[in-house]
file query-v7.tsv (TSV, C-alpha atoms and all ligand atoms)
chain	number	residue	atom	x	y	z
A	897	MET	CA	26.90	15.56	-6.47
A	898	LEU	CA	23.55	15.19	-4.72
A	899	GLY	CA	24.77	11.91	-3.32
A	900	THR	CA	27.59	9.43	-3.75
A	901	GLY	CA	26.28	6.43	-1.81
A	902	SER	CA	25.39	2.89	-2.76
A	903	ALA	CA	21.77	1.73	-2.74
A	904	PHE	CA	22.12	0.65	0.90
A	905	ALA	CA	24.27	3.52	2.19
A	906	LYS	CA	22.78	5.54	5.02
A	907	THR	CA	25.44	8.17	5.64
A	908	PHE	CA	25.54	9.04	1.94
A	909	TYR	CA	22.62	9.85	-0.30
A	910	ASN	CA	21.83	7.94	-3.49
A	911	ASN	CA	24.30	8.39	-6.31
A	912	ASN	CA	22.53	11.20	-8.14
A	913	ALA	CA	23.91	14.42	-9.61
A	914	LEU	CA	23.05	17.81	-11.00
A	915	LEU	CA	24.66	18.79	-14.28
A	916	GLU	CA	24.65	22.52	-14.75
A	917	ILE	CA	25.59	24.03	-18.09
A	918	ASN	CA	24.88	27.45	-19.60
A	919	GLY	CA	22.34	28.22	-16.88
A	920	ARG	CA	20.37	25.00	-17.36
A	921	THR	CA	20.20	22.06	-14.99
A	922	LEU	CA	19.86	18.35	-15.70
A	923	LEU	CA	19.04	16.03	-12.82
A	924	LEU	CA	21.06	12.88	-13.31
A	925	ASP	CA	19.01	10.08	-11.80
A	926	CYS	CA	16.37	10.73	-9.16
A	927	GLY	CA	16.63	8.18	-6.37
A	928	ILE	CA	14.72	7.81	-3.13
A	929	THR	CA	16.92	10.37	-1.40
A	930	ALA	CA	17.01	12.95	-4.21
A	931	PRO	CA	14.17	15.12	-2.79
A	932	ARG	CA	15.91	15.29	0.60
A	933	ALA	CA	19.34	15.96	-0.92
A	934	LEU	CA	17.95	18.77	-3.09
A	935	TYR	CA	16.23	20.26	-0.06
A	936	GLU	CA	19.46	20.25	1.94
A	937	LEU	CA	21.22	22.05	-0.88
A	938	GLY	CA	18.48	24.69	-0.95
A	939	LYS	CA	17.25	23.60	-4.36
A	940	THR	CA	13.74	22.84	-5.61
A	941	PHE	CA	12.47	20.54	-8.34
A	942	ASP	CA	11.39	23.64	-10.23
A	943	GLU	CA	15.05	24.46	-10.86
A	944	MET	CA	15.45	21.27	-12.92
A	945	ASP	CA	15.10	21.68	-16.67
A	946	ALA	CA	15.14	17.93	-17.23
A	947	VAL	CA	15.83	14.60	-15.62
A	948	LEU	CA	17.86	11.77	-17.13
A	949	ILE	CA	17.45	8.19	-15.93
A	950	THR	CA	20.20	5.58	-16.30
A	951	HIS	CA	18.29	2.50	-15.16
A	952	ILE	CA	15.43	1.30	-13.01
A	953	HIS	CA	16.55	0.75	-9.46
A	954	ALA	CA	15.10	2.74	-6.57
A	955	ASP	CA	18.35	4.57	-5.82
A	956	HIS	CA	18.07	5.97	-9.38
A	957	VAL	CA	14.29	6.37	-9.88
A	958	GLY	CA	12.73	6.21	-6.39
A	959	GLY	CA	12.28	10.00	-6.17
A	960	LEU	CA	10.48	10.33	-9.48
A	961	GLU	CA	6.97	10.04	-8.04
A	962	GLU	CA	7.54	13.06	-5.81
A	963	PHE	CA	9.24	14.91	-8.66
A	964	ALA	CA	6.24	14.24	-10.93
A	965	PHE	CA	3.65	15.23	-8.33
A	966	GLN	CA	5.49	18.37	-7.27
A	967	MET	CA	5.94	19.51	-10.86
A	968	LYS	CA	2.27	18.87	-11.67
A	969	PHE	CA	0.58	20.20	-8.54
A	970	VAL	CA	3.06	22.65	-7.04
A	971	TYR	CA	4.93	24.10	-10.03
A	972	ARG	CA	2.35	23.24	-12.73
A	973	ARG	CA	4.96	22.53	-15.35
A	974	LYS	CA	5.87	19.40	-17.27
A	975	PRO	CA	9.58	18.63	-17.01
A	976	ILE	CA	11.53	16.82	-19.69
A	977	LEU	CA	12.33	13.18	-18.99
A	978	TYR	CA	15.25	11.74	-20.95
A	979	ILE	CA	15.31	7.97	-20.86
A	980	ALA	CA	16.33	5.09	-23.10
A	981	ASP	CA	13.49	4.03	-25.36
A	982	THR	CA	13.78	0.49	-23.97
A	983	LEU	CA	13.00	1.65	-20.41
A	984	ILE	CA	9.94	3.86	-20.92
A	985	GLU	CA	7.22	1.25	-20.65
A	986	ARG	CA	8.95	-0.51	-17.78
A	987	LEU	CA	9.36	2.74	-15.84
A	988	TRP	CA	5.66	3.45	-16.08
A	989	GLU	CA	4.21	-0.05	-15.74
A	990	HIS	CA	6.55	-1.40	-13.09
A	991	THR	CA	7.66	1.63	-11.12
A	992	LEU	CA	5.47	4.72	-11.37
A	993	LYS	CA	1.95	3.69	-12.39
A	994	GLY	CA	0.92	2.53	-8.93
A	995	GLY	CA	1.40	5.97	-7.46
A	996	LEU	CA	0.88	8.30	-10.40
A	997	GLN	CA	-2.09	6.83	-12.23
A	998	GLN	CA	-5.30	8.53	-11.10
A	999	ASP	CA	-7.63	7.53	-13.85
A	1000	GLU	CA	-7.44	4.91	-16.55
A	1001	ASN	CA	-5.84	7.15	-19.11
A	1002	ARG	CA	-3.23	8.94	-17.14
A	1003	THR	CA	0.25	7.94	-18.26
A	1004	LEU	CA	3.87	9.03	-18.07
A	1005	ASP	CA	3.13	11.70	-20.70
A	1006	ASP	CA	0.73	13.45	-18.33
A	1007	TYR	CA	3.61	14.18	-15.99
A	1008	PHE	CA	6.67	14.38	-18.20
A	1009	GLU	CA	7.60	15.49	-21.67
A	1010	VAL	CA	9.18	12.16	-22.50
A	1011	HIS	CA	12.20	12.25	-24.82
A	1012	PRO	CA	13.30	8.72	-25.73
A	1013	LEU	CA	17.02	8.22	-26.28
A	1014	LYS	CA	18.61	5.52	-28.38
A	1015	GLU	CA	21.79	3.84	-27.26
A	1016	ASN	CA	24.97	4.83	-29.11
A	1017	GLN	CA	23.29	7.89	-30.59
A	1018	PRO	CA	24.54	11.15	-29.09
A	1019	ALA	CA	21.83	13.75	-28.49
A	1020	GLU	CA	21.98	17.36	-27.31
A	1021	LEU	CA	19.99	17.30	-24.07
A	1022	LEU	CA	20.70	20.86	-23.04
A	1023	PRO	CA	22.41	23.58	-25.07
A	1024	GLY	CA	26.10	22.62	-24.98
A	1025	LEU	CA	25.53	19.19	-23.45
A	1026	SER	CA	25.60	16.09	-25.61
A	1027	VAL	CA	24.87	12.72	-24.08
A	1028	GLU	CA	25.41	9.28	-25.57
A	1029	LEU	CA	23.93	6.28	-23.81
A	1030	LEU	CA	26.21	3.26	-23.65
A	1031	ARG	CA	24.52	0.07	-22.54
A	1032	THR	CA	26.78	-1.42	-19.89
A	1033	PRO	CA	26.39	-4.69	-17.95
A	1034	HIS	CA	24.77	-4.46	-14.52
A	1035	ILE	CA	22.10	-7.10	-13.81
A	1036	PRO	CA	21.64	-9.85	-16.41
A	1037	ASN	CA	18.76	-9.06	-18.78
A	1038	LYS	CA	18.21	-5.64	-17.23
A	1039	ALA	CA	19.15	-2.61	-19.30
A	1040	SER	CA	21.40	-0.02	-17.67
A	1041	TYR	CA	22.98	2.88	-19.53
A	1042	SER	CA	26.20	4.63	-18.70
A	1043	LEU	CA	26.72	8.11	-20.09
A	1044	LEU	CA	29.26	9.68	-22.37
A	1045	LEU	CA	28.97	13.41	-21.77
A	1046	ASN	CA	30.29	15.82	-24.36
A	1047	GLU	CA	32.38	12.96	-25.76
A	1048	THR	CA	34.98	13.28	-23.01
A	1049	PHE	CA	33.37	12.47	-19.65
A	1050	PHE	CA	32.29	8.90	-18.92
A	1051	TYR	CA	29.79	8.64	-16.07
A	1052	SER	CA	29.06	5.04	-15.24
A	1053	ALA	CA	25.59	3.88	-14.43
A	1054	ASP	CA	25.70	0.92	-12.10
A	1055	MET	CA	27.90	-1.56	-13.97
A	1056	VAL	CA	30.23	-4.45	-13.47
A	1057	PHE	CA	33.89	-3.83	-14.17
A	1058	ASP	CA	34.77	-3.65	-17.85
A	1059	GLY	CA	38.43	-2.68	-18.12
A	1060	GLU	CA	38.49	-3.14	-21.88
A	1061	LEU	CA	35.63	-0.69	-22.33
A	1062	LEU	CA	37.43	1.89	-20.19
A	1063	GLU	CA	40.65	1.36	-22.19
A	1064	ARG	CA	38.76	1.81	-25.45
A	1065	LEU	CA	36.94	4.90	-24.25
A	1066	VAL	CA	40.24	6.51	-23.35
A	1067	SER	CA	42.36	5.43	-26.31
A	1068	GLU	CA	39.75	5.46	-29.09
A	1069	ARG	CA	37.10	7.91	-27.96
A	1070	GLY	CA	39.28	10.48	-26.21
A	1071	VAL	CA	37.65	10.18	-22.80
A	1072	SER	CA	39.58	12.28	-20.29
A	1073	LEU	CA	37.45	11.95	-17.15
A	1074	ILE	CA	35.70	8.95	-15.60
A	1075	PHE	CA	33.26	8.89	-12.69
A	1076	HIS	CA	32.76	5.21	-11.84
A	1077	ASP	CA	30.56	3.31	-9.41
A	1078	CYS	CA	32.64	1.35	-6.94
A	1079	GLN	CA	31.77	-1.42	-4.54
A	1080	LEU	CA	34.57	-1.28	-1.99
A	1081	HIS	CA	34.44	-4.92	-0.91
A	1082	PRO	CA	34.60	-7.67	-3.53
A	1083	PRO	CA	33.05	-9.55	-5.12
A	1084	GLY	CA	31.39	-7.00	-7.37
A	1085	VAL	CA	28.70	-9.17	-8.87
A	1086	VAL	CA	26.57	-6.31	-10.19
A	1087	HIS	CA	29.02	-3.40	-9.64
A	1088	ALA	CA	32.67	-2.72	-10.33
A	1089	ASP	CA	34.61	-3.56	-7.18
A	1090	LEU	CA	37.69	-1.76	-5.91
A	1091	PRO	CA	40.19	-4.60	-6.48
A	1092	ASN	CA	39.06	-4.75	-10.13
A	1093	LEU	CA	39.32	-1.00	-10.57
A	1094	LEU	CA	42.82	-1.14	-9.08
A	1095	THR	CA	43.89	-3.35	-12.00
A	1096	LEU	CA	43.48	-0.37	-14.35
A	1097	PRO	CA	46.76	1.09	-15.61
A	1098	GLU	CA	47.91	4.12	-13.62
A	1099	ARG	CA	47.35	6.49	-16.55
A	1100	ILE	CA	43.65	5.53	-16.47
A	1101	GLN	CA	43.41	5.48	-12.66
A	1102	GLU	CA	44.61	9.13	-12.76
A	1103	ILE	CA	41.34	10.16	-14.39
A	1104	VAL	CA	39.03	7.85	-12.41
A	1105	TYR	CA	36.84	9.17	-9.58
A	1106	LEU	CA	34.94	6.65	-7.47
A	1107	MET	CA	31.28	7.00	-6.47
A	1108	HIS	CA	28.29	4.85	-5.41
A	1109	TYR	CA	30.18	3.55	-2.38
A	1110	ASP	CA	29.10	2.10	0.96
A	1111	ASP	CA	29.10	3.78	4.36
A	1112	ASN	CA	32.53	2.38	5.21
A	1113	GLN	CA	34.15	4.56	2.51
A	1114	PRO	CA	36.26	6.53	5.05
A	1115	GLU	CA	38.17	3.31	5.86
A	1116	PHE	CA	39.40	3.27	2.28
A	1117	ALA	CA	41.13	6.65	2.31
A	1118	GLY	CA	44.57	6.13	0.78
A	1119	ARG	CA	43.69	2.64	-0.49
A	1120	THR	CA	42.43	3.53	-3.97
A	1121	GLY	CA	45.68	3.72	-5.93
A	1122	ARG	CA	45.74	6.79	-8.18
A	1123	MET	CA	41.94	7.00	-8.07
A	1124	LYS	CA	40.09	9.52	-5.91
A	1125	PHE	CA	36.65	9.52	-4.37
A	1126	VAL	CA	33.86	11.73	-5.65
A	1127	GLU	CA	32.61	13.71	-2.66
A	1128	GLN	CA	28.98	14.22	-1.83
A	1129	HIS	CA	27.61	17.76	-2.19
A	1130	LYS	CA	30.86	18.91	-3.77
A	1131	VAL	CA	30.62	20.94	-6.96
A	1132	TYR	CA	32.98	19.77	-9.70
A	1133	ARG	CA	33.85	22.17	-12.49
A	1134	ILE	CA	34.66	20.50	-15.77
A	1135	GLU	CA	36.33	22.35	-18.63
A	1136	ASN	CA	37.48	20.72	-21.86
A	1137	GLY	CA	36.79	17.31	-20.36
A	1138	LYS	CA	38.96	17.86	-17.31
A	1139	LEU	CA	38.27	18.77	-13.71
A	1140	VAL	CA	39.44	22.29	-12.89
B	1	LIG	N1	21.11	-9.33	-8.58
B	1	LIG	C1	21.27	-8.36	-7.67
B	1	LIG	C2	20.36	-7.31	-7.62
B	1	LIG	C3	20.54	-6.31	-6.66
B	1	LIG	N2	21.59	-6.37	-5.80
B	1	LIG	C4	21.79	-5.32	-4.78
B	1	LIG	O1	20.65	-4.47	-4.76
B	1	LIG	C5	21.03	-3.17	-5.15
B	1	LIG	C6	20.05	-2.41	-6.00
B	1	LIG	O2	20.63	-1.16	-6.33
B	1	LIG	P1	22.09	-1.11	-6.99
B	1	LIG	O3	22.69	0.20	-6.71
B	1	LIG	O4	22.01	-1.63	-8.37
B	1	LIG	O5	22.93	-2.17	-6.15
B	1	LIG	C7	22.29	-3.41	-6.00
B	1	LIG	C8	22.99	-4.44	-5.18
B	1	LIG	O6	23.55	-3.87	-4.02
B	1	LIG	C9	22.47	-7.42	-5.89
B	1	LIG	O7	23.45	-7.45	-5.13
B	1	LIG	N3	22.31	-8.39	-6.84
B	2	ZN	ZN	22.59	2.11	-7.77
B	3	ZN	ZN	21.44	-0.53	-10.11
call {"tool": "encode", "arguments": {"input": "query-v7.tsv", "output": "structure tokens"}}
result
Amino acid sequence: MLGTGSAFAKTFYNNNALLEINGRTLLLDCGITAPRALYELGKTFDEMDAVLITHIHADHVGGLEEFAFQMKFVYRRKPILYIADTLIERLWEHTLKGGLQQDENRTLDDYFEVHPLKENQPAELLPGLSVELLRTPHIPNKASYSLLLNETFFYSADMVFDGELLERLVSERGVSLIFHDCQLHPPGVVHADLPNLLTLPERIQEIVYLMHYDDNQPEFAGRTGRMKFVEQHKVYRIENGKLV
């Protein structure tokens, strides 16, 4: 985990991750703090084979301008950008164009090999890694996509609590591991809050790991039921859909 913090956290970096599989690396969201977090882990943008964006908030896309510029002018390579088809225009027009456009014609395609993803359609993003985008509620009228990785690992984008979805993912889709954003203090208007997550049955809590939390997270040690916190800069090994 590059970071496990909320958008406003200062002692934790933005909730971004590296997914490594068969020698390839996917950057999972690229927030404002991603360049710094990579640097502290001794990694460079050149080590990323692709980046996947869940939704357009700065803690998930704010590092993309530096990523694009470094890849173009330092590493001289076009990385793959995986993103929902519905977000492509918005990402360029509303987030990146101001910094990246240098002449009239320069677009997202000049910096990234853009691979649009469709929701509910699994795609193999790296050899051995399938990803299905699930549109989950975050901000009204603003698309945000959680991820189903290799059919077994649910990684929430920012989303409000949806206990029924989690139940269905476990009982009908065979999900065996859940990393979920968690706002520690209610009310979770645009995120799942801890009291809501604590209403999950224990058998689901057992497989839930909490992330995207505020700086006061240490105060909540021992107050998360059967759920555990995802830890920043920790490497998690996942085999057959389970942490090992
Ligand atoms: N309608 C909104 C929009 C945003 N926010 C806060 O701003 C943050 C943006 O990044 P985030 O990680 O989605 O968390 C959002 C809320 O803290 C919020 O609380 N309500
Ligand atoms: Zn966020
Ligand atoms: Zn968000």
call {"tool": "residues_near_ligand", "arguments": {"input": "query-v7.tsv", "ligand": "ligand LIG 1 (chain B)", "cutoff": "8 Å", "atoms": "all atoms listed in the file", "output": "number ranges by chain"}}
result
A: 902-904, 953-956, 1034-1036, 1054, 1085-1087, 1108
call {"tool": "residues_near_ligand", "arguments": {"input": "query-v7.tsv", "ligand": "ligand ZN 2 (chain B)", "cutoff": "12 Å", "atoms": "all atoms listed in the file", "output": "ChimeraX atom specification"}}
result
/A:899-905,909-912,925-929,949-958,1034-1035,1040-1042,1052-1056,1076-1079,1086-1088,1107-1110
call {"tool": "residues_around", "arguments": {"input": "query-v7.tsv", "residues": "A:Tyr1132", "least_positions_apart": "4", "cutoff": "9 Å", "atoms": "all atoms listed in the file", "output": "ChimeraX atom specification"}}
result
/A:897,1139-1140
call {"tool": "axis_aligned_box", "arguments": {"input": "query-v7.tsv", "around": "stretch 1023-1029 of chain A", "padding_each_side": "3 Å", "output": "lines of an AutoDock Vina configuration file"}}
result
center_x = 24.3
center_y = 14.9
center_z = -24.5
size_x = 9.7
size_y = 23.3
size_z = 8.2
call {"tool": "residues_around", "arguments": {"input": "query-v7.tsv", "residues": "A:Thr1120", "least_positions_apart": "4", "cutoff": "12 Å", "atoms": "only C-alpha atoms", "output": "list of chain:residue names"}}
result
A:Cys1078, A:Gln1079, A:Leu1080, A:Asp1089, A:Leu1090, A:Pro1091, A:Asn1092, A:Leu1093, A:Leu1094, A:Thr1095, A:Leu1096, A:Glu1098, A:Gln1101, A:Glu1102, A:Val1104, A:Tyr1105, A:Leu1106, A:Met1107, A:Gln1113, A:Pro1114, A:Glu1115, A:Phe1116, A:Lys1124, A:Phe1125, A:Val1126
call {"tool": "closest_residue", "arguments": {"input": "query-v7.tsv", "among": "A:Ala964, A:Leu1030, A:Ala1039, A:Leu1013", "to": "ligand ZN 3 (chain B)", "atoms": "only C-alpha atoms and all ligand atoms"}}
result
A:Ala1039
call {"tool": "closest_residue", "arguments": {"input": "query-v7.tsv", "among": "A:Gly1118, A:Phe1050, A:Pro1018, A:Thr1032", "to": "ligand ZN 3 (chain B)", "atoms": "only C-alpha atoms and all ligand atoms"}}
result
A:Thr1032
call {"tool": "atom_distance", "arguments": {"input": "query-v7.tsv", "atom1": "atom CA of A:Pro931", "atom2": "atom CA of A:Gly1024"}}
result
26.3 Å
